Amino acid sequence: MDNKKLAELLFPQIEQTKEEIENSYKKRDLPQGARVTRFAPSPTGFLHIGGLFAAFVSERAAHTTDGVFYLRIEDTDKKREVENGVTGIVKGITDFGIKIDEGMLSETESVGDYAPYIQSKRAKIYQSYCKDLVEKGLAYPCFCSAEELNAVREEQEKNKENPGYYGKYAKCRDLTLEQIEENIKNGMPYVLRLKSPGDENKRISFEDGIKGTIEMPENILDIVLLKTDGIPTYHFAHAIDDHLMGTNYVIRGDEWISSAPIHLQLFDVLGFETPSYAHISPIMKEDEETGGKRKLSKRKDPEAAVSYYHEVGYPNKAVLEYLYTIANSNYEQWRMENPDTPMEEFEFDFAHMSKAGALFDLVKLTDVSKTYISKLTTDEVFEGVKAWAEEYNKDFYELLMKDTDYSKSIFAIERGNEKPRKDIAKWEDTPAYTEYFFNAPEAYDFPENLSKEDMIEILQKYKKVYNHNDIADDWFPRVRDMSEALGYAKAPKFYKKNPEEFKGHVGDVSSVIRVAATGRRNTPDLYQILQVLGEKETMDRFDRAISALKEEK
RNA sequence: GGCCCGUUGGUCAAGCGGUUAAGACUCCGCCCUCUCACGGCGGCGACAAGGGUUCGAUUCCCUUACGGGUCACCA
């Protein structure tokens, strides 16, 4: 077989040689040990939390070594594309503070010296390498139809053989140049396949950055390099792109482990240096139906989509903080020792990555996020709530913006002190949390142990003694004194000692005041709440509560 | 089915031949306290099973079970 002639027949339009391409892509000049990593999604527009996690790990892997992290778009499957899919992904990951050094920035723009970073623009490059492979007798055209391939697979299954295009089943391997010419003249579609040099009795092994040594049989399949439309498969594009773009550390989901033998063989056949690999376990979820674990599913689980966290208002940094905790098992320990150090300063490494798939724990995220928000300043909280409300809760947004100083004073309650409150896990919690500041209560959850008459008496008396100009230290003693005057113990412990001597204790009294002002039995510091509400509103609310109590008679 | 990967409390996880088997989240109790939250203290709760190797296995080897992945002209 005249391979040279075959190559010319198959790729007459390809003039640029493999060598010319090699020379046009400079070797990267980076310090020893610097990792070049990438995130290479399909532009489906949907960013899965697992994808974000992979991007995050890749970015950390690069930037903890003065390396490069870039974004490449794998749009080799036209069927899955979506409008503005690239922009959506870029926004999805940069929103979380994951810095992209090179690659696609939008549908059309990119930065970096290794362009194009989108595979649909690289067709000629892949074909040049294919032409070279054909010349060397390492690839060949295959004219088998889908029906033929299916028939072969069925036969293999029936015979309990491994399915696939290999050995005696690789019919097109042995086509003569004349037959090929004839087929092409007749306009038969074809794919280009690798003539796999693999031996099924041999095994290959490689060091995975996370899983350790992995050993597998060699690849013997004549896998497709170029599809009928001339666009490469993932496998081939991976080899060419990561070689040309200088990727030295490939980080991807562990569903790729089983095709690693193909990739290693491809790098070998092409004469490329193989990159290191690290295969990440997928993020799992408890499956209520089966009780087992399963992958977070795009269809069943809203929290699979990165956009979900934005919608319900988890701060991006809080989500990142959580991702750190599942990425590196020593992160939480580090965080306890360094409560205020920026998370970027944590030294990420592969050794502390879990081999097994972690369950995505929304409860834990909630805890991480509460702690994160508790440390924010009032202004930061306000800005976070505002941005969220503007997009997802217009009514609440209007309320917030009517008087921004007032709104901020709500979020300032018990904030900035030694032990800040942890009431808010996500911005979506804030409308309910702040509700009574914007609307006087319509229903009152008064305690059951006091009579209506007693409660009315408390409120009427409290109205008389209340001084809005009291400082915090004077406020509660005033309630104590009043309690005592009305026949309540000034501290719970006195009441507990001699319950028959009192109508109740100061806690019962302040409970009545609290419910009158807010409608709720449980609130943050009452003094601060009344200060925020203002004197007039406070008095109005007491009056309203008194009327409500009277009406109930 | 073949080939891979995995399996320590409910969850996330330390551990790397000898430990009372850390810690975090959740849950429960107590303390603090005008409520709640925060915080403090304490509690419940685990090495998938069976064989080896060894003076000794959570740790090493084998088998089994279970879970996951993959076997496309999808990535």
# chains A, B, ... in the order shown; residues from 1 in each chain; ligands from 1
$ residues_around --residues "Ala491 in chain A" --least-positions-apart "6" --cutoff "9 Å" --atoms "only C-alpha atoms (C1' of nucleotides)" --output "ChimeraX atom specification"
/A:480,505-507 /B:34
$ closest_atom_pairs --of "chain B" --to "chain A" --cutoff "12 Å" --atoms "only C-alpha atoms (C1' of nucleotides)" --output "JSON lines"
{"residue": "B:G1", "atom": "C1'", "partner": "A:Lys160", "partner_atom": "CA", "distance": 7.8}
{"residue": "B:G2", "atom": "C1'", "partner": "A:Asn162", "partner_atom": "CA", "distance": 6.6}
{"residue": "B:C3", "atom": "C1'", "partner": "A:Met216", "partner_atom": "CA", "distance": 7.4}
{"residue": "B:C4", "atom": "C1'", "partner": "A:Ser258", "partner_atom": "CA", "distance": 6.1}
{"residue": "B:C5", "atom": "C1'", "partner": "A:Lys211", "partner_atom": "CA", "distance": 8.1}
{"residue": "B:G6", "atom": "C1'", "partner": "A:Ala356", "partner_atom": "CA", "distance": 5.5}
{"residue": "B:U7", "atom": "C1'", "partner": "A:Ala356", "partner_atom": "CA", "distance": 8.5}
{"residue": "B:G10", "atom": "C1'", "partner": "A:Glu286", "partner_atom": "CA", "distance": 10.9}
{"residue": "B:U11", "atom": "C1'", "partner": "A:Asp361", "partner_atom": "CA", "distance": 6.8}
{"residue": "B:C12", "atom": "C1'", "partner": "A:Ile326", "partner_atom": "CA", "distance": 7.1}
{"residue": "B:A13", "atom": "C1'", "partner": "A:Ser329", "partner_atom": "CA", "distance": 6.6}
{"residue": "B:A14", "atom": "C1'", "partner": "A:Ser329", "partner_atom": "CA", "distance": 8.3}
{"residue": "B:A22", "atom": "C1'", "partner": "A:Gln333", "partner_atom": "CA", "distance": 11.3}
{"residue": "B:G23", "atom": "C1'", "partner": "A:Gln333", "partner_atom": "CA", "distance": 7.7}
{"residue": "B:A24", "atom": "C1'", "partner": "A:Glu332", "partner_atom": "CA", "distance": 7.1}
{"residue": "B:C25", "atom": "C1'", "partner": "A:Lys364", "partner_atom": "CA", "distance": 5.4}
{"residue": "B:U26", "atom": "C1'", "partner": "A:Val363", "partner_atom": "CA", "distance": 7.7}
{"residue": "B:U33", "atom": "C1'", "partner": "A:Pro492", "partner_atom": "CA", "distance": 9.9}
{"residue": "B:C34", "atom": "C1'", "partner": "A:Gly507", "partner_atom": "CA", "distance": 4.3}
{"residue": "B:U35", "atom": "C1'", "partner": "A:Asn522", "partner_atom": "CA", "distance": 5.0}
{"residue": "B:C36", "atom": "C1'", "partner": "A:Asn522", "partner_atom": "CA", "distance": 4.5}
{"residue": "B:A37", "atom": "C1'", "partner": "A:Arg421", "partner_atom": "CA", "distance": 5.6}
{"residue": "B:C38", "atom": "C1'", "partner": "A:Lys419", "partner_atom": "CA", "distance": 5.3}
{"residue": "B:G39", "atom": "C1'", "partner": "A:Lys419", "partner_atom": "CA", "distance": 7.0}
{"residue": "B:C66", "atom": "C1'", "partner": "A:Gly292", "partner_atom": "CA", "distance": 10.0}
{"residue": "B:G67", "atom": "C1'", "partner": "A:Lys293", "partner_atom": "CA", "distance": 7.2}
{"residue": "B:G68", "atom": "C1'", "partner": "A:Arg294", "partner_atom": "CA", "distance": 7.7}
{"residue": "B:G69", "atom": "C1'", "partner": "A:Glu255", "partner_atom": "CA", "distance": 5.3}
{"residue": "B:U70", "atom": "C1'", "partner": "A:Ser258", "partner_atom": "CA", "distance": 5.5}
{"residue": "B:C71", "atom": "C1'", "partner": "A:Pro163", "partner_atom": "CA", "distance": 7.5}
{"residue": "B:A72", "atom": "C1'", "partner": "A:Val224", "partner_atom": "CA", "distance": 9.7}
{"residue": "B:C73", "atom": "C1'", "partner": "A:Lys227", "partner_atom": "CA", "distance": 4.6}
{"residue": "B:C74", "atom": "C1'", "partner": "A:Asp77", "partner_atom": "CA", "distance": 7.0}
{"residue": "B:A75", "atom": "C1'", "partner": "A:Tyr234", "partner_atom": "CA", "distance": 6.5}
$ select_by_dssp --residues "range 425-494 of chain A" --states "alpha helix (DSSP H)" --output "compact mmCIF listing (two decimals) with N, CA and C atoms, in the first residue's frame"
# COMPACT_ATOMS: atom_id res chain seq x y z
N THR A 430 -33.14 36.01 53.92
CA THR A 430 -33.27 37.34 54.52
C THR A 430 -34.67 37.93 54.51
N PRO A 431 -35.50 37.72 53.51
CA PRO A 431 -36.84 38.31 53.59
C PRO A 431 -37.59 37.86 54.84
N ALA A 432 -37.53 36.58 55.16
CA ALA A 432 -38.22 36.10 56.36
C ALA A 432 -37.53 36.61 57.62
N TYR A 433 -36.23 36.64 57.60
CA TYR A 433 -35.46 37.06 58.77
C TYR A 433 -35.76 38.52 59.14
N THR A 434 -35.98 39.36 58.12
CA THR A 434 -36.15 40.80 58.37
C THR A 434 -37.61 41.23 58.35
N GLU A 435 -38.49 40.28 58.15
CA GLU A 435 -39.89 40.59 57.87
C GLU A 435 -40.50 41.61 58.84
N TYR A 436 -40.33 41.41 60.13
CA TYR A 436 -41.02 42.25 61.10
C TYR A 436 -40.45 43.67 61.19
N PHE A 437 -39.30 43.88 60.54
CA PHE A 437 -38.78 45.25 60.53
C PHE A 437 -39.54 46.10 59.52
N PHE A 438 -40.09 45.44 58.53
CA PHE A 438 -40.76 46.18 57.47
C PHE A 438 -42.27 46.22 57.66
N LYS A 452 -54.28 37.38 79.60
CA LYS A 452 -54.34 38.57 78.76
C LYS A 452 -54.25 39.83 79.59
N GLU A 453 -54.93 39.80 80.75
CA GLU A 453 -54.92 40.97 81.61
C GLU A 453 -53.49 41.29 82.06
N ASP A 454 -52.76 40.24 82.43
CA ASP A 454 -51.38 40.45 82.86
C ASP A 454 -50.55 41.05 81.74
N MET A 455 -50.76 40.54 80.54
CA MET A 455 -49.94 41.00 79.43
C MET A 455 -50.26 42.45 79.09
N ILE A 456 -51.57 42.77 79.16
CA ILE A 456 -51.95 44.16 78.91
C ILE A 456 -51.33 45.07 79.96
N GLU A 457 -51.37 44.62 81.18
CA GLU A 457 -50.77 45.40 82.26
C GLU A 457 -49.28 45.64 82.01
N ILE A 458 -48.60 44.56 81.60
CA ILE A 458 -47.16 44.69 81.34
C ILE A 458 -46.91 45.73 80.26
N LEU A 459 -47.66 45.63 79.18
CA LEU A 459 -47.41 46.53 78.06
C LEU A 459 -47.74 47.98 78.41
N GLN A 460 -48.85 48.14 79.12
CA GLN A 460 -49.23 49.51 79.50
C GLN A 460 -48.19 50.13 80.42
N LYS A 461 -47.74 49.34 81.34
CA LYS A 461 -46.73 49.82 82.28
C LYS A 461 -45.41 50.10 81.55
N TYR A 462 -45.07 49.17 80.64
CA TYR A 462 -43.79 49.31 79.95
C TYR A 462 -43.77 50.57 79.09
N LYS A 463 -44.91 50.86 78.50
CA LYS A 463 -45.01 52.08 77.69
C LYS A 463 -44.65 53.30 78.53
N LYS A 464 -45.05 53.26 79.78
CA LYS A 464 -44.82 54.42 80.65
C LYS A 464 -43.34 54.55 81.02
N VAL A 465 -42.70 53.41 81.31
CA VAL A 465 -41.32 53.50 81.78
C VAL A 465 -40.29 53.49 80.64
N ALA A 472 -27.68 50.65 75.95
CA ALA A 472 -27.91 49.21 76.09
C ALA A 472 -27.82 48.75 77.55
N ASP A 473 -26.86 49.30 78.29
CA ASP A 473 -26.66 48.85 79.66
C ASP A 473 -27.79 49.26 80.61
N ASP A 474 -28.52 50.29 80.22
CA ASP A 474 -29.61 50.73 81.08
C ASP A 474 -30.94 50.08 80.72
N TRP A 475 -31.00 49.59 79.51
CA TRP A 475 -32.27 49.11 79.00
C TRP A 475 -32.83 47.93 79.79
N PHE A 476 -32.01 46.93 79.97
CA PHE A 476 -32.56 45.75 80.62
C PHE A 476 -32.85 45.93 82.11
N PRO A 477 -31.97 46.65 82.83
CA PRO A 477 -32.30 46.91 84.25
C PRO A 477 -33.67 47.56 84.41
N ARG A 478 -34.04 48.38 83.46
CA ARG A 478 -35.35 49.02 83.53
C ARG A 478 -36.47 47.98 83.45
N VAL A 479 -36.25 47.01 82.56
CA VAL A 479 -37.25 45.93 82.45
C VAL A 479 -37.30 45.13 83.76
N ARG A 480 -36.14 44.92 84.34
CA ARG A 480 -36.07 44.19 85.61
C ARG A 480 -36.86 44.91 86.71
N ASP A 481 -36.58 46.20 86.82
CA ASP A 481 -37.23 46.96 87.88
C ASP A 481 -38.74 46.93 87.71
N MET A 482 -39.15 47.10 86.46
CA MET A 482 -40.58 47.08 86.20
C MET A 482 -41.19 45.72 86.54
N SER A 483 -40.48 44.68 86.19
CA SER A 483 -40.96 43.33 86.47
C SER A 483 -41.20 43.15 87.96
N GLU A 484 -40.23 43.59 88.71
CA GLU A 484 -40.32 43.45 90.16
C GLU A 484 -41.54 44.21 90.69
N ALA A 485 -41.72 45.41 90.16
CA ALA A 485 -42.83 46.25 90.61
C ALA A 485 -44.18 45.59 90.33
N PRO A 492 -34.68 34.83 86.63
CA PRO A 492 -35.32 33.51 86.61
C PRO A 492 -34.96 32.66 87.82
N LYS A 493 -33.72 32.84 88.32
CA LYS A 493 -33.31 31.96 89.42
C LYS A 493 -34.12 32.22 90.69
N PHE A 494 -34.54 33.48 90.90
CA PHE A 494 -35.37 33.76 92.08
C PHE A 494 -36.73 33.08 91.95
$ atom_distance --atom1 "CA of Met188 in chain A" --atom2 "CA of Gly167 in chain A"
23.1 Å
$ select_by_dssp --residues "range 86-268 of chain A" --states "strand (DSSP E or B)" --output "PyMOL selection string"
chain A and resi 102-104+110-111+118+139-142+191-194+203-208+212-217+224-226+232+249-253
$ write_last_selection --atoms "C-alpha atoms" --output "short mmCIF file (atom, residue, chain, number, x, y, z; two decimals), in the first residue's frame"
data_model
loop_
_atom_site.label_atom_id
_atom_site.label_comp_id
_atom_site.auth_asym_id
_atom_site.auth_seq_id
_atom_site.Cartn_x
_atom_site.Cartn_y
_atom_site.Cartn_z
CA GLU A 102 -5.72 31.85 28.87
CA GLY A 103 -8.36 30.61 26.54
CA MET A 104 -11.88 31.45 25.60
CA SER A 110 -9.86 34.59 23.60
CA VAL A 111 -6.48 35.42 25.11
CA ILE A 118 -12.02 26.23 20.59
CA ALA A 139 -4.41 5.37 10.47
CA TYR A 140 -6.83 4.32 7.79
CA PRO A 141 -10.27 5.20 6.43
CA CYS A 142 -13.21 3.06 7.48
CA VAL A 191 -14.25 7.92 9.35
CA LEU A 192 -10.54 7.81 9.99
CA ARG A 193 -9.46 5.15 12.44
CA LEU A 194 -6.30 4.54 14.34
CA ARG A 203 -0.76 -4.16 30.17
CA ILE A 204 0.01 -0.54 30.69
CA SER A 205 0.19 1.40 33.90
CA PHE A 206 0.36 5.02 34.88
CA GLU A 207 0.54 7.10 38.01
CA ASP A 208 -2.66 8.94 38.72
CA GLY A 212 -2.21 6.20 42.56
CA THR A 213 -0.96 3.48 40.22
CA ILE A 214 -3.56 2.30 37.74
CA GLU A 215 -2.93 -0.76 35.63
CA MET A 216 -5.00 -1.78 32.62
CA PRO A 217 -4.84 -3.83 29.44
CA VAL A 224 -12.21 6.75 15.50
CA LEU A 225 -9.90 9.73 15.11
CA LEU A 226 -11.93 11.81 12.72
CA PRO A 232 -12.08 14.81 15.72
CA TYR A 249 -1.32 17.92 34.07
CA VAL A 250 -4.68 16.68 32.88
CA ILE A 251 -7.35 16.92 35.55
CA ARG A 252 -10.73 15.48 34.68
CA GLY A 253 -13.60 13.36 35.94
#
